[in-house]
file entry-v8.cif (mmCIF, C-alpha atoms)
data_target
loop_
_atom_site.label_atom_id
_atom_site.label_comp_id
_atom_site.auth_asym_id
_atom_site.auth_seq_id
_atom_site.Cartn_x
_atom_site.Cartn_y
_atom_site.Cartn_z
CA VAL A 1 25.20 -5.36 -6.84
CA CYS A 2 21.80 -4.76 -5.21
CA SER A 3 20.03 -4.68 -8.58
CA ALA A 4 21.58 -8.01 -9.62
CA GLY A 5 20.94 -9.52 -6.18
CA ALA A 6 17.28 -8.46 -6.15
CA HIS A 7 16.63 -9.99 -9.57
CA ALA A 8 18.47 -13.26 -8.89
CA ALA A 9 16.92 -13.73 -5.44
CA THR A 10 13.42 -13.11 -6.85
CA VAL A 11 13.93 -15.80 -9.49
CA PHE A 12 15.13 -18.26 -6.85
CA ALA A 13 12.21 -17.36 -4.55
CA LEU A 14 9.60 -18.03 -7.24
CA GLY A 15 11.47 -21.22 -8.09
CA GLY A 16 10.36 -22.54 -4.70
CA ASP A 17 6.62 -22.17 -4.13
CA PRO A 18 5.42 -19.34 -6.45
CA LEU A 19 2.32 -18.63 -4.37
CA PHE A 20 4.20 -18.26 -1.10
CA GLY A 21 6.99 -16.41 -2.93
CA GLN A 22 4.53 -13.77 -4.19
CA ILE A 23 3.22 -13.23 -0.66
CA VAL A 24 6.75 -12.82 0.73
CA LYS A 25 7.60 -10.40 -2.10
CA ALA A 26 4.47 -8.39 -1.27
CA GLY A 27 6.20 -7.40 1.98
CA GLU A 28 8.79 -5.34 0.07
CA PRO A 29 7.34 -1.92 1.07
CA VAL A 30 7.57 -2.81 4.76
CA LEU A 31 11.23 -3.75 4.45
CA ALA A 32 11.89 -0.66 2.32
CA ALA A 33 10.38 1.53 5.04
CA LEU A 34 12.51 -0.22 7.68
CA VAL A 35 15.74 0.11 5.65
CA ASN A 36 15.11 3.78 4.91
CA THR A 37 14.33 4.50 8.56
CA VAL A 38 17.36 2.68 10.00
CA PHE A 39 20.07 3.26 7.38
CA TYR A 40 19.05 6.44 5.55
CA ALA A 41 17.08 8.38 8.20
CA THR A 42 14.20 8.97 5.75
CA PRO A 43 11.20 7.16 7.24
CA PRO A 44 7.74 7.41 5.66
CA THR A 45 5.16 9.44 7.54
CA MET A 46 3.11 7.58 10.14
CA ASN A 47 0.01 7.92 7.96
CA LYS A 48 1.77 6.26 5.01
CA ALA A 49 3.25 3.56 7.25
CA LEU A 50 -0.24 2.63 8.45
CA CYS A 51 -1.26 2.00 4.81
CA LEU A 52 1.44 -0.62 4.22
CA PRO A 53 -0.32 -3.52 6.02
CA ILE A 54 -3.44 -2.87 3.89
CA ILE A 55 -1.46 -3.20 0.65
CA VAL A 56 0.52 -6.25 1.75
CA GLY A 57 -2.60 -7.90 3.19
CA GLY A 58 -4.53 -7.38 -0.03
CA VAL A 59 -1.84 -9.03 -2.15
CA ALA A 60 -1.49 -11.87 0.35
CA PHE A 61 -5.25 -12.53 0.39
CA ALA A 62 -5.42 -12.44 -3.41
CA SER A 63 -2.72 -15.14 -3.51
CA LEU A 64 -4.58 -17.59 -1.27
CA LYS A 65 -6.35 -20.64 -2.66
CA LYS A 66 -9.58 -22.07 -1.27
CA GLY A 67 -9.78 -25.81 -0.87
CA LEU A 68 -12.76 -28.02 -1.68
CA ASP A 69 -13.80 -27.91 1.98
CA GLY A 70 -13.88 -24.09 1.92
CA SER A 71 -10.75 -23.65 4.00
CA TYR A 72 -7.72 -21.64 2.88
CA SER A 73 -4.36 -23.28 2.65
CA LEU A 74 -0.84 -21.97 2.18
CA LYS A 75 2.21 -24.11 1.70
CA PHE A 76 5.12 -22.80 3.73
CA ASP A 77 8.24 -22.94 1.60
CA GLN A 78 11.62 -22.22 3.19
CA THR A 79 13.29 -21.47 -0.17
CA ALA A 80 10.63 -18.92 -1.12
CA LEU A 81 10.82 -17.31 2.32
CA MET A 82 14.62 -17.08 2.44
CA PHE A 83 15.18 -15.82 -1.10
CA GLY A 84 12.05 -13.64 -1.03
CA MET A 85 13.28 -11.78 2.05
CA LEU A 86 16.75 -11.55 0.51
CA ALA A 87 15.24 -10.08 -2.67
CA ASN A 88 13.23 -7.58 -0.61
CA THR A 89 16.39 -6.51 1.23
CA PHE A 90 18.36 -6.05 -1.99
CA ALA A 91 15.44 -4.14 -3.56
CA ALA A 92 15.17 -1.83 -0.55
CA PHE A 93 18.86 -0.91 -0.65
CA LYS A 94 18.79 -0.65 -4.46
CA GLY A 95 15.98 1.90 -4.32
CA SER A 96 17.69 3.99 -1.67
CA GLU A 97 21.08 3.95 -3.39
CA ASN A 98 19.50 4.82 -6.73
CA LYS A 99 17.71 7.72 -5.08
CA LYS A 100 21.02 8.98 -3.67
CA LEU A 101 22.64 8.86 -7.11
CA LEU A 102 19.67 10.60 -8.73
CA SER A 103 19.85 13.37 -6.12
CA ASP A 104 23.56 14.03 -6.79
CA LYS A 105 23.60 16.64 -9.56
CA GLY A 106 27.27 16.02 -10.35
CA ILE A 107 26.77 12.29 -10.93
CA ALA A 108 23.52 12.91 -12.82
CA LEU A 109 25.32 15.35 -15.12
CA ARG A 110 28.12 12.86 -15.84
CA TYR A 111 25.63 10.10 -16.62
CA GLY A 112 23.62 12.38 -18.89
CA GLY A 113 20.23 11.23 -17.63
CA VAL A 114 18.31 8.60 -15.68
CA GLY A 115 18.21 6.25 -18.66
CA ASN A 116 22.00 6.11 -18.93
CA GLN A 117 22.36 5.52 -15.19
CA PHE A 118 19.94 2.62 -15.38
CA ALA A 119 21.73 1.20 -18.45
CA VAL A 120 25.07 1.19 -16.62
CA THR A 121 23.44 -0.51 -13.62
CA GLN A 122 21.96 -3.23 -15.85
CA ILE A 123 25.25 -3.86 -17.66
CA MET A 124 27.08 -4.24 -14.35
CA GLY A 125 24.32 -6.49 -13.04
CA PHE A 126 24.54 -8.68 -16.15
CA PHE A 127 28.25 -9.37 -15.66
CA LEU A 128 27.79 -9.92 -11.92
CA LEU A 129 25.12 -12.56 -12.57
CA LEU A 130 27.08 -14.51 -15.19
CA PRO A 131 28.96 -16.57 -12.55
CA VAL A 132 25.66 -17.25 -10.75
CA MET A 133 24.10 -18.46 -14.01
CA PHE A 134 26.95 -20.82 -14.85
CA LEU A 135 27.14 -22.06 -11.26
CA THR A 136 23.44 -22.93 -11.01
CA GLU A 137 22.49 -23.80 -14.61
CA GLY A 138 25.78 -24.09 -16.49
CA GLY A 139 25.08 -27.72 -17.37
CA MET A 140 22.02 -26.67 -19.41
CA PHE A 141 23.79 -23.96 -21.41
CA THR A 142 24.47 -26.10 -24.50
CA THR A 143 20.86 -27.33 -24.48
CA PHE A 144 19.71 -23.72 -24.31
CA LEU A 145 21.89 -22.78 -27.30
CA ASP A 146 20.51 -25.70 -29.32
CA LYS A 147 16.93 -24.67 -28.62
CA LEU A 148 17.74 -21.03 -29.30
CA ALA A 149 19.08 -21.96 -32.75
CA THR A 150 16.05 -24.08 -33.69
CA SER A 151 13.07 -22.37 -32.04
CA SER A 152 11.84 -19.07 -33.45
CA ASP A 153 9.23 -18.83 -30.67
CA LEU A 154 11.97 -19.02 -28.05
CA ARG A 155 13.98 -16.29 -29.79
CA PHE A 156 10.94 -14.01 -30.08
CA ASN A 157 9.80 -14.56 -26.49
CA LEU A 158 13.35 -14.11 -25.19
CA VAL A 159 13.79 -10.77 -26.99
CA MET A 160 10.34 -9.45 -26.05
CA SER A 161 10.67 -10.58 -22.44
CA GLY A 162 14.05 -8.90 -22.11
CA LEU A 163 12.86 -5.72 -23.83
CA CYS A 164 9.73 -5.41 -21.69
CA PHE A 165 11.69 -6.14 -18.52
CA TYR A 166 14.25 -3.47 -19.41
CA ILE A 167 11.61 -0.83 -20.24
CA TYR A 168 9.65 -1.61 -17.07
CA ASN A 169 12.73 -1.24 -14.86
CA GLU A 170 13.88 1.93 -16.61
CA LEU A 171 10.45 3.49 -16.08
CA ALA A 172 10.59 2.37 -12.44
CA THR A 173 13.94 4.15 -12.04
CA MET A 174 12.48 7.30 -13.60
CA THR A 175 9.56 7.07 -11.16
CA LEU A 176 12.02 6.75 -8.29
CA LYS A 177 13.56 10.09 -9.28
CA VAL A 178 10.34 11.98 -8.51
CA THR A 179 9.07 9.86 -5.60
CA GLY A 180 11.06 7.83 -3.08
CA PRO A 181 12.24 4.27 -2.35
CA VAL A 182 9.23 3.31 -0.20
CA THR A 183 6.74 4.72 -2.72
CA ALA A 184 8.52 2.81 -5.50
CA SER A 185 8.23 -0.40 -3.46
CA VAL A 186 4.53 0.26 -2.92
CA ALA A 187 4.05 0.64 -6.68
CA ASN A 188 6.00 -2.58 -7.23
CA THR A 189 3.67 -4.41 -4.87
CA ALA A 190 0.59 -2.97 -6.61
CA LYS A 191 2.09 -4.23 -9.87
CA ARG A 192 1.55 -7.80 -8.70
CA VAL A 193 -2.20 -7.24 -8.50
CA ILE A 194 -2.29 -5.51 -11.89
CA VAL A 195 -0.35 -8.41 -13.46
CA MET A 196 -2.80 -10.86 -11.90
CA VAL A 197 -5.81 -9.01 -13.36
CA TYR A 198 -4.13 -8.55 -16.76
CA MET A 199 -3.20 -12.22 -17.04
CA ALA A 200 -6.77 -13.18 -16.19
CA ALA A 201 -8.04 -10.92 -19.00
CA VAL A 202 -5.53 -12.23 -21.56
CA THR A 203 -5.97 -15.91 -20.76
CA GLY A 204 -9.72 -15.66 -20.26
CA LYS A 205 -9.42 -17.22 -16.82
CA ALA A 206 -11.96 -15.83 -14.38
CA LEU A 207 -10.65 -14.25 -11.19
CA THR A 208 -11.62 -15.95 -7.95
CA GLU A 209 -13.51 -14.04 -5.27
CA GLU A 210 -10.33 -13.95 -3.21
CA GLN A 211 -8.39 -12.40 -6.10
CA LYS A 212 -11.08 -9.79 -6.70
CA ILE A 213 -11.31 -8.81 -3.04
CA GLY A 214 -7.55 -8.88 -2.50
CA ALA A 215 -6.90 -6.84 -5.65
CA GLY A 216 -9.48 -4.27 -4.62
CA VAL A 217 -8.04 -3.93 -1.14
CA ALA A 218 -4.46 -3.63 -2.41
CA ILE A 219 -5.32 -1.03 -5.06
CA CYS A 220 -7.34 1.00 -2.55
CA GLY A 221 -4.39 0.78 -0.16
CA VAL A 222 -2.02 2.10 -2.83
CA LEU A 223 -4.42 4.94 -3.65
CA LEU A 224 -4.74 5.81 0.04
CA TYR A 225 -0.95 5.69 0.45
CA SER A 226 -0.58 8.14 -2.44
CA VAL A 227 -3.02 10.77 -1.19
CA ILE A 228 -3.32 10.38 2.58
CA ASP A 229 -0.71 13.00 3.51
CA ASP A 230 -2.24 15.56 1.16
CA LEU A 231 -5.74 14.80 2.40
CA LEU A 232 -4.81 15.17 6.05
CA LYS A 233 -2.67 18.24 5.35
CA SER A 234 -5.50 20.04 3.57
CA LYS A 235 -7.91 19.07 6.33
CA LYS A 236 -5.49 20.41 8.98
CA THR A 237 -5.09 23.64 6.99
CA LYS A 238 -8.87 24.18 6.87
CA LEU A 239 -9.20 23.60 10.60
CA SER A 240 -6.47 26.12 11.37
#
call {"tool": "encode", "arguments": {"input": "entry-v8.cif", "output": "structure tokens"}}
result
Amino acid sequence: VCSAGAHAATVFALGGDPLFGQIVKAGEPVLAALVNTVFYATPPTMNKALCLPIIVGGVAFASLKKGLDGSYSLKFDQTALMFGMLANTFAAFKGSENKKLLSDKGIALRYGGVGNQFAVTQIMGFFLLLPVMFLTEGGMFTTFLDKLATSSDLRFNLVMSGLCFYIYNELATMTLKVTGPVTASVANTAKRVIVMVYMAAVTGKALTEEQKIGAGVAICGVLLYSVIDDLLKSKKTKLS
């Protein structure tokens, strides 16, 4: 349910104002830390928690656009805010519940591996989202089938998009097994910066100064989040 909800809510959030939606989605690690602290009693360390605003701030700054007068503007979009926060909530619970399943050796043995567990989750999510699809876009279904039958580009892009999305999420689930829900959310936020840089390289579009600075800050924040506990621990060990 949480996997399906996170995906659907993200699509609806970016269907509002994509820029504002990306900034709201960048707050996922903060909500993941809150959910894990309140509902699962597994809060991140204070040092890691202090890194979260750096990561979120970097993504937010990279998403801003400078006007002709040099000022920055951001369009507040209620749809993007509402569905973005809903997606973050679903994603936070999804990560924590997946971690619980992965930690249960009995369930893991019955599934036969992380890949099978993820596959079952995706199949269930697909059937849960069918009513949502028909409710929101059912009127366009026949048009979609007509285009699917006549457009080879649509068929290719649809298959490749679905395949890449599946592989990405399966790898994310495998990562979750050896890390934790908050760390997975941090990596998901960093992904937004990497996608931004990659798209700029593929399309040949130059990154703005804001995107360069924001990407650098976010990536440095993720790196700091990954190593700060080990750095401080080794420093404390040397002092003692």
call {"tool": "residues_near_point", "arguments": {"input": "entry-v8.cif", "point": "(19.1, 2.5, -17.1)", "cutoff": "7 Å", "atoms": "all atoms listed in the file", "output": "JSON, numbers by chain"}}
result
{"A": [114, 115, 116, 117, 118, 119, 120, 121, 122, 170]}
call {"tool": "write_last_selection", "arguments": {"input": "entry-v8.cif", "atoms": "C-alpha atoms", "output": "compact mmCIF listing (two decimals), in the frame of the given file"}}
result
# COMPACT_ATOMS: atom_id res chain seq x y z
CA VAL A 114 18.31 8.60 -15.68
CA GLY A 115 18.21 6.25 -18.66
CA ASN A 116 22.00 6.11 -18.93
CA GLN A 117 22.36 5.52 -15.19
CA PHE A 118 19.94 2.62 -15.38
CA ALA A 119 21.73 1.20 -18.45
CA VAL A 120 25.07 1.19 -16.62
CA THR A 121 23.44 -0.51 -13.62
CA GLN A 122 21.96 -3.23 -15.85
CA GLU A 170 13.88 1.93 -16.61
call {"tool": "resolve_selection", "arguments": {"input": "entry-v8.cif", "expression": "the PyMOL selection byres ((chain A and resi 213) around 12)", "output": "compact mmCIF listing (two decimals) with C-alpha atoms, in the coordinates of the input"}}
result
# COMPACT_ATOMS: atom_id res chain seq x y z
CA ILE A 55 -1.46 -3.20 0.65
CA GLY A 57 -2.60 -7.90 3.19
CA GLY A 58 -4.53 -7.38 -0.03
CA VAL A 59 -1.84 -9.03 -2.15
CA ALA A 60 -1.49 -11.87 0.35
CA PHE A 61 -5.25 -12.53 0.39
CA ALA A 62 -5.42 -12.44 -3.41
CA SER A 63 -2.72 -15.14 -3.51
CA LEU A 64 -4.58 -17.59 -1.27
CA VAL A 193 -2.20 -7.24 -8.50
CA VAL A 197 -5.81 -9.01 -13.36
CA LEU A 207 -10.65 -14.25 -11.19
CA THR A 208 -11.62 -15.95 -7.95
CA GLU A 209 -13.51 -14.04 -5.27
CA GLU A 210 -10.33 -13.95 -3.21
CA GLN A 211 -8.39 -12.40 -6.10
CA LYS A 212 -11.08 -9.79 -6.70
CA GLY A 214 -7.55 -8.88 -2.50
CA ALA A 215 -6.90 -6.84 -5.65
CA GLY A 216 -9.48 -4.27 -4.62
CA VAL A 217 -8.04 -3.93 -1.14
CA ALA A 218 -4.46 -3.63 -2.41
CA ILE A 219 -5.32 -1.03 -5.06
CA CYS A 220 -7.34 1.00 -2.55
call {"tool": "closest_residue", "arguments": {"input": "entry-v8.cif", "among": "A:Thr150, A:Ala4, A:Ile228, A:Ser103", "to": "Ile123 in chain A", "atoms": "only C-alpha atoms"}}
result
A:Ala4
call {"tool": "atom_distance", "arguments": {"input": "entry-v8.cif", "atom1": "CA of Thr42 in chain A", "atom2": "CA of Ala172 in chain A"}}
result
19.7 Å
call {"tool": "closest_residue", "arguments": {"input": "entry-v8.cif", "among": "A:Asn47, A:Pro29, A:Leu154, A:Ser3", "to": "Lys233 in chain A", "atoms": "only C-alpha atoms"}}
result
A:Asn47
call {"tool": "closest_residue", "arguments": {"input": "entry-v8.cif", "among": "A:Leu81, A:Gly15, A:Ala92, A:Thr10", "to": "Phe39 in chain A", "atoms": "all atoms listed in the file"}}
result
A:Ala92
call {"tool": "axis_aligned_box", "arguments": {"input": "entry-v8.cif", "around": "range 226-234 of chain A", "padding_each_side": "5 Å", "output": "JSON"}}
result
{"center_x": -3.2, "center_y": 14.1, "center_z": 1.8, "size_x": 15.2, "size_y": 21.9, "size_z": 18.5}
call {"tool": "residues_near_point", "arguments": {"input": "entry-v8.cif", "point": "(16.5, -11.0, -2.6)", "cutoff": "6 Å", "atoms": "only C-alpha atoms", "output": "list in words"}}
result
Gly5, Ala6, Ala9, Thr10, Phe83, Gly84, Met85, Leu86, Ala87, Asn88, Thr89 and Phe90 of chain A
call {"tool": "write_last_selection", "arguments": {"input": "entry-v8.cif", "atoms": "C-alpha atoms", "output": "mmCIF file, keeping the file's coordinate frame"}}
result
data_model
loop_
_atom_site.group_PDB
_atom_site.id
_atom_site.type_symbol
_atom_site.label_atom_id
_atom_site.label_comp_id
_atom_site.auth_asym_id
_atom_site.auth_seq_id
_atom_site.Cartn_x
_atom_site.Cartn_y
_atom_site.Cartn_z
ATOM 1 C CA GLY A 5 20.940 -9.520 -6.180
ATOM 2 C CA ALA A 6 17.280 -8.460 -6.150
ATOM 3 C CA ALA A 9 16.920 -13.730 -5.440
ATOM 4 C CA THR A 10 13.420 -13.110 -6.850
ATOM 5 C CA PHE A 83 15.180 -15.820 -1.100
ATOM 6 C CA GLY A 84 12.050 -13.640 -1.030
ATOM 7 C CA MET A 85 13.280 -11.780 2.050
ATOM 8 C CA LEU A 86 16.750 -11.550 0.510
ATOM 9 C CA ALA A 87 15.240 -10.080 -2.670
ATOM 10 C CA ASN A 88 13.230 -7.580 -0.610
ATOM 11 C CA THR A 89 16.390 -6.510 1.230
ATOM 12 C CA PHE A 90 18.360 -6.050 -1.990
#
call {"tool": "atom_distance", "arguments": {"input": "entry-v8.cif", "atom1": "CA of Pro44 in chain A", "atom2": "CA of Ser96 in chain A"}}
result
12.8 Å
call {"tool": "closest_residue", "arguments": {"input": "entry-v8.cif", "among": "A:Ile54, A:Tyr198, A:Leu171, A:Thr37", "to": "Gly221 in chain A", "atoms": "all atoms listed in the file"}}
result
A:Ile54
call {"tool": "atom_distance", "arguments": {"input": "entry-v8.cif", "atom1": "CA of Pro53 in chain A", "atom2": "CA of Gly27 in chain A"}}
result
8.6 Å
call {"tool": "closest_residue", "arguments": {"input": "entry-v8.cif", "among": "A:Phe156, A:Phe93, A:Tyr168, A:Phe134", "to": "Val35 in chain A", "atoms": "only C-alpha atoms"}}
result
A:Phe93
call {"tool": "closest_residue", "arguments": {"input": "entry-v8.cif", "among": "A:Phe127, A:Ala91, A:Thr175, A:Leu232", "to": "Ala32 in chain A", "atoms": "all atoms listed in the file"}}
result
A:Ala91
